[in-house]
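Single-structure report; data block below.
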Amino acid sequence: VSTQSTGQLKFLNIIMSSALEQKLGGQPVLKYFDLTGFKVGGRGGAVRFFFLATGLNFAEETVDYGTWASGPKQKVVETGESPLGVLPVVRVGEHVLTDSYSILRRFSRQLGYYGTDLQRDYEADVIGDAVSQLRDNWVSATFGSAEVKEAYIKQKRPFLYKALDTLLTRSKASGSYSVGAQLSFVDALLFAILWDDAGIFGSDEVKKYSKLDAFYQAFGSQAAVKQYTDKIRGSQ
């Protein structure tokens with residue numbers, strides 16, 4: 001690729017990112033834990049992957065995970081920044097947003113990816129519900145006892161992966177899109193939990209489900225996404 005072509009591409013990316021910022025009302029600031037050493041993205045990772053997939057420029061405010069519970073958590077509750085004491089928090093313009101699912105639905109609606117097609121929204125929401133169950137079970141297994149981990153690996157994860165594979169077939173998932181052939185808020189949520197799961201329990205399970213694996217590979221191959229995941233975990 002020539003230097004001129006590279007320069008033109010960067011210029012176009014800047015223009016596109018600026019247009020997206022205008023739709024959102026400003027540059028988003030993502031406040032979340034610094035999980036670099038853990039090699040996972042967590043719930044805030046889904047928001048990050050959404051920004052990377054859309055080409056949206058965003059700023060970051062990192063929080064130390066080790067000291068979170070000893071003071072900063074109570075502070076965000078008392079100030080009202082995060083009434084439930086959870087991260088991520090995203091600030092955009094005059095708004096302070098919490099809950100990764102709600103944040104991504106809001107941004108997707110503003111960018112025209114949600115709220116324009118009833119059936120498409122339904123399919124995204126159903127996949128999102130399954131992703132939420134997978135995320136909750138993954139958290140329990142990651143921090144739970146050996147018995148909880150074993151139940152997750154042998155029973156719960158295969159069941160939920162199969163369900164997601166079926167849902168992606170029903171929604172006519174295509175490439176890096178989980179619903180049809182257009183970006184959805186749930187794409188980043190689904191990739192984030194699959195990536196986290198692979199980081200802790202390995203990626204062999206997802207390979208058993210063709211539709212799910214095809215989505216996972218395609219979303220992870222996007223240039224900005226791959227650049228980030230390679231930096232955190234190395235090329236896979």
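Following the order of the structure tokens, first chain is A, next is B, and so on, with residues numbered from 1 inside each chain and ligands from 1 in the order they appear.
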Got a sec to tell me which of segment 59-187 of chain A DSSP assigns to strand (DSSP E), as a list in words?
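Answer for segment 59-187 of chain A, restricted to strand (DSSP E): Ala59, Glu60, Glu61, Thr62, Val63, Val89, Val90, Arg91, Val92, His95, Val96, Leu97 and Thr98 of chain A.
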Output of the above residues as a short mmCIF file (atom, residue, chain, number, x, y, z; two decimals), in the first residue's frame, restricted to all heavy atoms:
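Final output, saved to out18.cif:
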```cif
data_model
loop_
_atom_site.label_atom_id
_atom_site.label_comp_id
_atom_site.auth_asym_id
_atom_site.auth_seq_id
_atom_site.Cartn_x
_atom_site.Cartn_y
_atom_site.Cartn_z
N ALA A 59 -11.91 8.36 24.10
CA ALA A 59 -10.88 8.55 25.13
C ALA A 59 -11.12 7.54 26.25
O ALA A 59 -12.19 6.94 26.35
CB ALA A 59 -10.93 9.98 25.67
N GLU A 60 -10.11 7.36 27.08
CA GLU A 60 -10.21 6.39 28.17
C GLU A 60 -9.82 7.00 29.51
O GLU A 60 -8.94 7.85 29.60
CB GLU A 60 -9.31 5.20 27.91
CG GLU A 60 -9.73 4.32 26.75
CD GLU A 60 -8.91 3.05 26.69
OE1 GLU A 60 -9.06 2.21 27.60
OE2 GLU A 60 -8.11 2.91 25.75
N GLU A 61 -10.49 6.52 30.54
CA GLU A 61 -10.11 6.81 31.92
C GLU A 61 -10.04 5.47 32.63
O GLU A 61 -11.06 4.83 32.85
CB GLU A 61 -11.14 7.71 32.60
CG GLU A 61 -10.82 8.03 34.05
CD GLU A 61 -11.89 8.86 34.74
OE1 GLU A 61 -12.68 9.52 34.03
OE2 GLU A 61 -11.94 8.83 35.98
N THR A 62 -8.84 5.03 32.96
CA THR A 62 -8.68 3.70 33.55
C THR A 62 -8.75 3.78 35.08
O THR A 62 -8.37 4.77 35.70
CB THR A 62 -7.35 3.06 33.14
OG1 THR A 62 -6.27 3.92 33.51
CG2 THR A 62 -7.32 2.81 31.65
N VAL A 63 -9.25 2.70 35.65
CA VAL A 63 -9.42 2.58 37.10
C VAL A 63 -8.66 1.35 37.56
O VAL A 63 -8.72 0.29 36.93
CB VAL A 63 -10.92 2.43 37.46
CG1 VAL A 63 -11.10 2.24 38.96
CG2 VAL A 63 -11.71 3.65 36.98
N VAL A 89 -18.53 3.12 32.88
CA VAL A 89 -19.26 4.37 32.77
C VAL A 89 -18.75 5.04 31.50
O VAL A 89 -17.55 5.01 31.22
CB VAL A 89 -19.00 5.28 33.99
CG1 VAL A 89 -19.51 6.69 33.73
CG2 VAL A 89 -19.65 4.70 35.24
N VAL A 90 -19.65 5.60 30.73
CA VAL A 90 -19.26 6.35 29.53
C VAL A 90 -19.83 7.76 29.64
O VAL A 90 -21.02 7.94 29.88
CB VAL A 90 -19.77 5.69 28.23
CG1 VAL A 90 -19.46 6.57 27.02
CG2 VAL A 90 -19.13 4.31 28.05
N ARG A 91 -18.95 8.73 29.48
CA ARG A 91 -19.38 10.13 29.44
C ARG A 91 -19.36 10.61 27.99
O ARG A 91 -18.37 10.41 27.29
CB ARG A 91 -18.47 11.01 30.30
CG ARG A 91 -18.46 10.63 31.77
CD ARG A 91 -17.73 11.68 32.62
NE ARG A 91 -16.37 11.89 32.20
CZ ARG A 91 -15.34 11.15 32.62
NH1 ARG A 91 -15.54 10.15 33.46
NH2 ARG A 91 -14.11 11.41 32.18
N VAL A 92 -20.43 11.23 27.58
CA VAL A 92 -20.49 11.80 26.23
C VAL A 92 -21.32 13.07 26.30
O VAL A 92 -22.46 13.05 26.72
CB VAL A 92 -21.07 10.79 25.20
CG1 VAL A 92 -22.45 10.32 25.60
CG2 VAL A 92 -21.06 11.38 23.81
N HIS A 95 -23.86 13.90 29.20
CA HIS A 95 -24.50 12.68 29.70
C HIS A 95 -23.48 11.72 30.33
O HIS A 95 -22.37 11.57 29.84
CB HIS A 95 -25.24 11.98 28.57
CG HIS A 95 -26.30 12.81 27.93
ND1 HIS A 95 -27.47 13.15 28.58
CD2 HIS A 95 -26.36 13.40 26.71
CE1 HIS A 95 -28.22 13.90 27.78
NE2 HIS A 95 -27.56 14.08 26.65
N VAL A 96 -23.92 11.06 31.40
CA VAL A 96 -23.14 10.02 32.05
C VAL A 96 -23.95 8.74 31.94
O VAL A 96 -25.07 8.64 32.44
CB VAL A 96 -22.87 10.34 33.53
CG1 VAL A 96 -22.08 9.22 34.19
CG2 VAL A 96 -22.13 11.67 33.67
N LEU A 97 -23.38 7.75 31.27
CA LEU A 97 -24.10 6.53 30.93
C LEU A 97 -23.51 5.33 31.66
O LEU A 97 -22.29 5.21 31.81
CB LEU A 97 -24.04 6.28 29.42
CG LEU A 97 -24.36 7.48 28.52
CD1 LEU A 97 -24.12 7.11 27.06
CD2 LEU A 97 -25.78 7.97 28.73
N THR A 98 -24.39 4.43 32.11
CA THR A 98 -23.95 3.20 32.78
C THR A 98 -24.66 1.99 32.17
O THR A 98 -25.67 2.15 31.49
CB THR A 98 -24.25 3.24 34.29
OG1 THR A 98 -25.66 3.43 34.49
CG2 THR A 98 -23.49 4.38 34.97
#
```
Long-range neighbours of Tyr177 of chain A as a VMD selection string, 9 Å cut-off, only C-alpha atoms, 3 positions minimum in chain:
chain A and resid 173 to 174 180 to 184 186 to 187 215 218 to 219
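Near segment 84-86 of chain A, within 12 Å and counting only C-alpha atoms, sit A:Lys31, A:Tyr32, A:Phe33, A:Gly42, A:Arg43, A:Gly44, A:Val63, A:Tyr65, A:Trp68, A:Ala69, A:Gly71, A:Pro72, A:Lys73, A:Gln74, A:Lys75, A:Val76, A:Val77, A:Glu78, A:Leu97, A:Thr98, A:Asp99, A:Ser100, not including residues fewer than 6 positions from it in the same chain.
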DSSP alpha helix (DSSP H) residues within segment 35-138 of chain A, listed as a VMD selection string
chain A and resid 42 to 54 72 to 79 100 to 110 118 to 138
With N, CA and C atoms retained, export the selected residues as a short mmCIF file (atom, residue, chain, number, x, y, z; two decimals), in the first residue's frame.
```
data_model
loop_
_atom_site.label_atom_id
_atom_site.label_comp_id
_atom_site.auth_asym_id
_atom_site.auth_seq_id
_atom_site.Cartn_x
_atom_site.Cartn_y
_atom_site.Cartn_z
N GLY A 42 -13.67 -7.86 30.01
CA GLY A 42 -14.75 -7.60 30.94
C GLY A 42 -15.95 -6.94 30.25
N ARG A 43 -16.88 -6.44 31.06
CA ARG A 43 -18.08 -5.81 30.50
C ARG A 43 -17.73 -4.53 29.74
N GLY A 44 -16.71 -3.85 30.19
CA GLY A 44 -16.27 -2.65 29.48
C GLY A 44 -15.64 -2.97 28.14
N GLY A 45 -15.16 -4.20 28.00
CA GLY A 45 -14.57 -4.61 26.74
C GLY A 45 -15.56 -4.57 25.59
N ALA A 46 -16.82 -4.88 25.89
CA ALA A 46 -17.85 -4.84 24.86
C ALA A 46 -18.01 -3.44 24.30
N VAL A 47 -17.97 -2.44 25.18
CA VAL A 47 -18.08 -1.05 24.74
C VAL A 47 -16.87 -0.68 23.89
N ARG A 48 -15.70 -1.09 24.34
CA ARG A 48 -14.46 -0.83 23.59
C ARG A 48 -14.54 -1.46 22.20
N PHE A 49 -14.98 -2.71 22.10
CA PHE A 49 -15.04 -3.39 20.81
C PHE A 49 -16.08 -2.74 19.89
N PHE A 50 -17.14 -2.20 20.45
CA PHE A 50 -18.11 -1.47 19.65
C PHE A 50 -17.47 -0.23 19.04
N PHE A 51 -16.73 0.51 19.85
CA PHE A 51 -16.05 1.70 19.35
C PHE A 51 -15.04 1.33 18.26
N LEU A 52 -14.28 0.27 18.49
CA LEU A 52 -13.28 -0.15 17.52
C LEU A 52 -13.92 -0.61 16.21
N ALA A 53 -15.02 -1.34 16.31
CA ALA A 53 -15.68 -1.87 15.11
C ALA A 53 -16.33 -0.77 14.29
N THR A 54 -16.81 0.27 14.95
CA THR A 54 -17.46 1.36 14.21
C THR A 54 -16.48 2.40 13.72
N PRO A 72 -12.93 3.97 45.59
CA PRO A 72 -13.50 4.52 44.35
C PRO A 72 -14.92 4.04 44.06
N LYS A 73 -15.23 2.79 44.41
CA LYS A 73 -16.57 2.27 44.16
C LYS A 73 -17.62 3.06 44.93
N GLN A 74 -17.34 3.30 46.21
CA GLN A 74 -18.28 4.07 47.03
C GLN A 74 -18.41 5.50 46.53
N LYS A 75 -17.33 6.03 46.03
CA LYS A 75 -17.36 7.41 45.54
C LYS A 75 -18.29 7.57 44.35
N VAL A 76 -18.25 6.63 43.39
CA VAL A 76 -19.12 6.77 42.22
C VAL A 76 -20.58 6.57 42.59
N VAL A 77 -20.82 5.82 43.67
CA VAL A 77 -22.19 5.67 44.16
C VAL A 77 -22.67 6.96 44.80
N GLU A 78 -21.83 7.52 45.67
CA GLU A 78 -22.21 8.74 46.39
C GLU A 78 -22.39 9.93 45.46
N THR A 79 -21.57 10.03 44.43
CA THR A 79 -21.67 11.15 43.50
C THR A 79 -22.78 10.95 42.47
N SER A 100 -23.43 -1.64 30.25
CA SER A 100 -22.89 -1.83 28.89
C SER A 100 -23.99 -2.09 27.86
N TYR A 101 -25.00 -2.88 28.22
CA TYR A 101 -26.07 -3.17 27.27
C TYR A 101 -26.85 -1.90 26.92
N SER A 102 -27.19 -1.14 27.94
CA SER A 102 -27.95 0.10 27.72
C SER A 102 -27.13 1.12 26.95
N ILE A 103 -25.85 1.19 27.26
CA ILE A 103 -24.96 2.12 26.54
C ILE A 103 -24.92 1.78 25.06
N LEU A 104 -24.73 0.51 24.75
CA LEU A 104 -24.59 0.12 23.35
C LEU A 104 -25.91 0.21 22.59
N ARG A 105 -27.01 -0.05 23.25
CA ARG A 105 -28.31 0.15 22.60
C ARG A 105 -28.51 1.63 22.27
N ARG A 106 -28.16 2.48 23.20
CA ARG A 106 -28.32 3.93 22.98
C ARG A 106 -27.49 4.40 21.81
N PHE A 107 -26.21 4.03 21.81
CA PHE A 107 -25.33 4.45 20.72
C PHE A 107 -25.78 3.86 19.39
N SER A 108 -26.20 2.61 19.41
CA SER A 108 -26.65 1.97 18.17
C SER A 108 -27.89 2.67 17.61
N ARG A 109 -28.77 3.07 18.49
CA ARG A 109 -29.96 3.79 18.05
C ARG A 109 -29.57 5.14 17.42
N GLN A 110 -28.63 5.83 18.06
CA GLN A 110 -28.20 7.12 17.53
C GLN A 110 -27.52 6.99 16.17
N LEU A 118 -38.23 -3.70 13.48
CA LEU A 118 -38.74 -4.41 14.65
C LEU A 118 -38.18 -5.82 14.76
N GLN A 119 -38.18 -6.59 13.67
CA GLN A 119 -37.69 -7.96 13.71
C GLN A 119 -36.20 -8.01 13.97
N ARG A 120 -35.47 -7.13 13.34
CA ARG A 120 -34.02 -7.08 13.54
C ARG A 120 -33.71 -6.74 14.99
N ASP A 121 -34.43 -5.79 15.56
CA ASP A 121 -34.23 -5.42 16.97
C ASP A 121 -34.53 -6.61 17.88
N TYR A 122 -35.61 -7.32 17.56
CA TYR A 122 -35.98 -8.50 18.35
C TYR A 122 -34.86 -9.54 18.34
N GLU A 123 -34.33 -9.83 17.16
CA GLU A 123 -33.28 -10.84 17.04
C GLU A 123 -32.02 -10.42 17.80
N ALA A 124 -31.69 -9.14 17.75
CA ALA A 124 -30.53 -8.64 18.49
C ALA A 124 -30.76 -8.76 19.99
N ASP A 125 -31.98 -8.46 20.44
CA ASP A 125 -32.30 -8.52 21.87
C ASP A 125 -32.27 -9.96 22.38
N VAL A 126 -32.76 -10.91 21.58
CA VAL A 126 -32.75 -12.31 21.98
C VAL A 126 -31.31 -12.81 22.13
N ILE A 127 -30.47 -12.48 21.15
CA ILE A 127 -29.06 -12.85 21.25
C ILE A 127 -28.43 -12.18 22.47
N GLY A 128 -28.80 -10.92 22.71
CA GLY A 128 -28.27 -10.21 23.86
C GLY A 128 -28.63 -10.88 25.18
N ASP A 129 -29.84 -11.41 25.28
CA ASP A 129 -30.25 -12.11 26.49
C ASP A 129 -29.41 -13.37 26.71
N ALA A 130 -29.14 -14.09 25.63
CA ALA A 130 -28.31 -15.29 25.73
C ALA A 130 -26.87 -14.93 26.10
N VAL A 131 -26.38 -13.83 25.53
CA VAL A 131 -25.03 -13.35 25.86
C VAL A 131 -24.96 -12.99 27.35
N SER A 132 -26.00 -12.37 27.86
CA SER A 132 -26.03 -12.00 29.28
C SER A 132 -25.94 -13.23 30.17
N GLN A 133 -26.66 -14.29 29.80
CA GLN A 133 -26.58 -15.54 30.56
C GLN A 133 -25.18 -16.13 30.50
N LEU A 134 -24.58 -16.10 29.32
CA LEU A 134 -23.22 -16.63 29.18
C LEU A 134 -22.24 -15.82 30.01
N ARG A 135 -22.36 -14.50 29.97
CA ARG A 135 -21.48 -13.63 30.75
C ARG A 135 -21.60 -13.92 32.25
N ASP A 136 -22.82 -14.04 32.74
CA ASP A 136 -23.04 -14.29 34.18
C ASP A 136 -22.45 -15.63 34.59
N ASN A 137 -22.64 -16.65 33.75
CA ASN A 137 -22.10 -17.97 34.07
C ASN A 137 -20.58 -17.98 33.97
N TRP A 138 -20.03 -17.22 33.02
CA TRP A 138 -18.58 -17.12 32.89
C TRP A 138 -17.96 -16.46 34.12
#
```
Counting only C-alpha atoms, closest pick from A:Gly199, A:Pro28, A:Gly144, A:Gly66 relative to Ile232 of chain A is A:Gly199
Surrounding residues of Ala19 of chain A excluding itself and chain neighbours under 6 positions, 12 Å, only C-alpha atoms, as a PDB file with N, CA, C and O atoms, in the first residue's frame:
```pdb
ATOM      1  N   LEU A  12      -9.815   9.619   5.651  1.00  0.00           N
ATOM      2  CA  LEU A  12     -11.203   9.175   5.574  1.00  0.00           C
ATOM      3  C   LEU A  12     -11.692   8.647   6.928  1.00  0.00           C
ATOM      4  O   LEU A  12     -12.841   8.871   7.325  1.00  0.00           O
ATOM      5  N   ASN A  13     -10.809   7.947   7.637  1.00  0.00           N
ATOM      6  CA  ASN A  13     -11.171   7.439   8.963  1.00  0.00           C
ATOM      7  C   ASN A  13     -11.441   8.577   9.934  1.00  0.00           C
ATOM      8  O   ASN A  13     -12.350   8.498  10.765  1.00  0.00           O
ATOM      9  N   GLY A  25     -23.046  13.234  19.932  1.00  0.00           N
ATOM     10  CA  GLY A  25     -23.034  14.440  20.751  1.00  0.00           C
ATOM     11  C   GLY A  25     -21.693  14.742  21.375  1.00  0.00           C
ATOM     12  O   GLY A  25     -21.602  15.514  22.334  1.00  0.00           O
ATOM     13  N   GLY A  26     -20.633  14.146  20.843  1.00  0.00           N
ATOM     14  CA  GLY A  26     -19.289  14.400  21.361  1.00  0.00           C
ATOM     15  C   GLY A  26     -18.465  13.136  21.386  1.00  0.00           C
ATOM     16  O   GLY A  26     -18.946  12.042  21.066  1.00  0.00           O
ATOM     17  N   GLN A  27     -17.197  13.290  21.754  1.00  0.00           N
ATOM     18  CA  GLN A  27     -16.317  12.127  21.854  1.00  0.00           C
ATOM     19  C   GLN A  27     -16.607  11.362  23.145  1.00  0.00           C
ATOM     20  O   GLN A  27     -16.570  11.950  24.237  1.00  0.00           O
ATOM     21  N   THR A  54     -16.813   0.268  14.946  1.00  0.00           N
ATOM     22  CA  THR A  54     -17.463   1.359  14.213  1.00  0.00           C
ATOM     23  C   THR A  54     -16.476   2.398  13.725  1.00  0.00           C
ATOM     24  O   THR A  54     -16.828   3.262  12.918  1.00  0.00           O
ATOM     25  N   GLY A  55     -15.237   2.339  14.208  1.00  0.00           N
ATOM     26  CA  GLY A  55     -14.246   3.339  13.829  1.00  0.00           C
ATOM     27  C   GLY A  55     -14.385   4.637  14.588  1.00  0.00           C
ATOM     28  O   GLY A  55     -13.878   5.680  14.165  1.00  0.00           O
ATOM     29  N   LEU A  56     -15.041   4.575  15.725  1.00  0.00           N
ATOM     30  CA  LEU A  56     -15.283   5.778  16.524  1.00  0.00           C
ATOM     31  C   LEU A  56     -14.091   6.084  17.426  1.00  0.00           C
ATOM     32  O   LEU A  56     -13.624   5.215  18.170  1.00  0.00           O
ATOM     33  N   ASN A  57     -13.608   7.301  17.363  1.00  0.00           N
ATOM     34  CA  ASN A  57     -12.516   7.722  18.228  1.00  0.00           C
ATOM     35  C   ASN A  57     -13.054   7.949  19.638  1.00  0.00           C
ATOM     36  O   ASN A  57     -14.090   8.581  19.817  1.00  0.00           O
ATOM     37  N   GLN A 110     -28.634   5.833  18.057  1.00  0.00           N
ATOM     38  CA  GLN A 110     -28.197   7.125  17.527  1.00  0.00           C
ATOM     39  C   GLN A 110     -27.522   6.994  16.167  1.00  0.00           C
ATOM     40  O   GLN A 110     -27.625   7.890  15.322  1.00  0.00           O
ATOM     41  N   LEU A 111     -26.821   5.872  15.959  1.00  0.00           N
ATOM     42  CA  LEU A 111     -26.094   5.672  14.713  1.00  0.00           C
ATOM     43  C   LEU A 111     -26.927   4.966  13.647  1.00  0.00           C
ATOM     44  O   LEU A 111     -26.449   4.720  12.543  1.00  0.00           O
TER      45      LEU A 111
END
```
Here is a test: counting only C-alpha atoms, which residue of A:Tyr114, A:Phe191, A:Phe38, A:Phe58 is nearest to Leu164 of chain A?
A:Phe191
Given only C-alpha atoms as the basis, pick out the residue of A:Leu160, A:Val29, A:Tyr216, A:Asp64 nearest to Leu189 of chain A.
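Ranked by minimum distance to Leu189 of chain A, first place goes to A:Tyr216.
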Can you tell me which residues surround Leu212 of chain A at a distance of at most 10 Å, considering only C-alpha atoms, apart from same-chain residues fewer than 6 positions away, and format the answer as a ChimeraX atom specification?
/A:161-169,173,178,190-191,194,206
Tell me, in Å to one decimal, how far atom CA of Gly112 of chain A is from atom CA of Ala224 of chain A.
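Distance between the two atoms: 21.3 Å.
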Can you measure atom CA of Gln22 of chain A to atom CA of Glu94 of chain A for me? One decimal in Å is fine.
13.5 Å
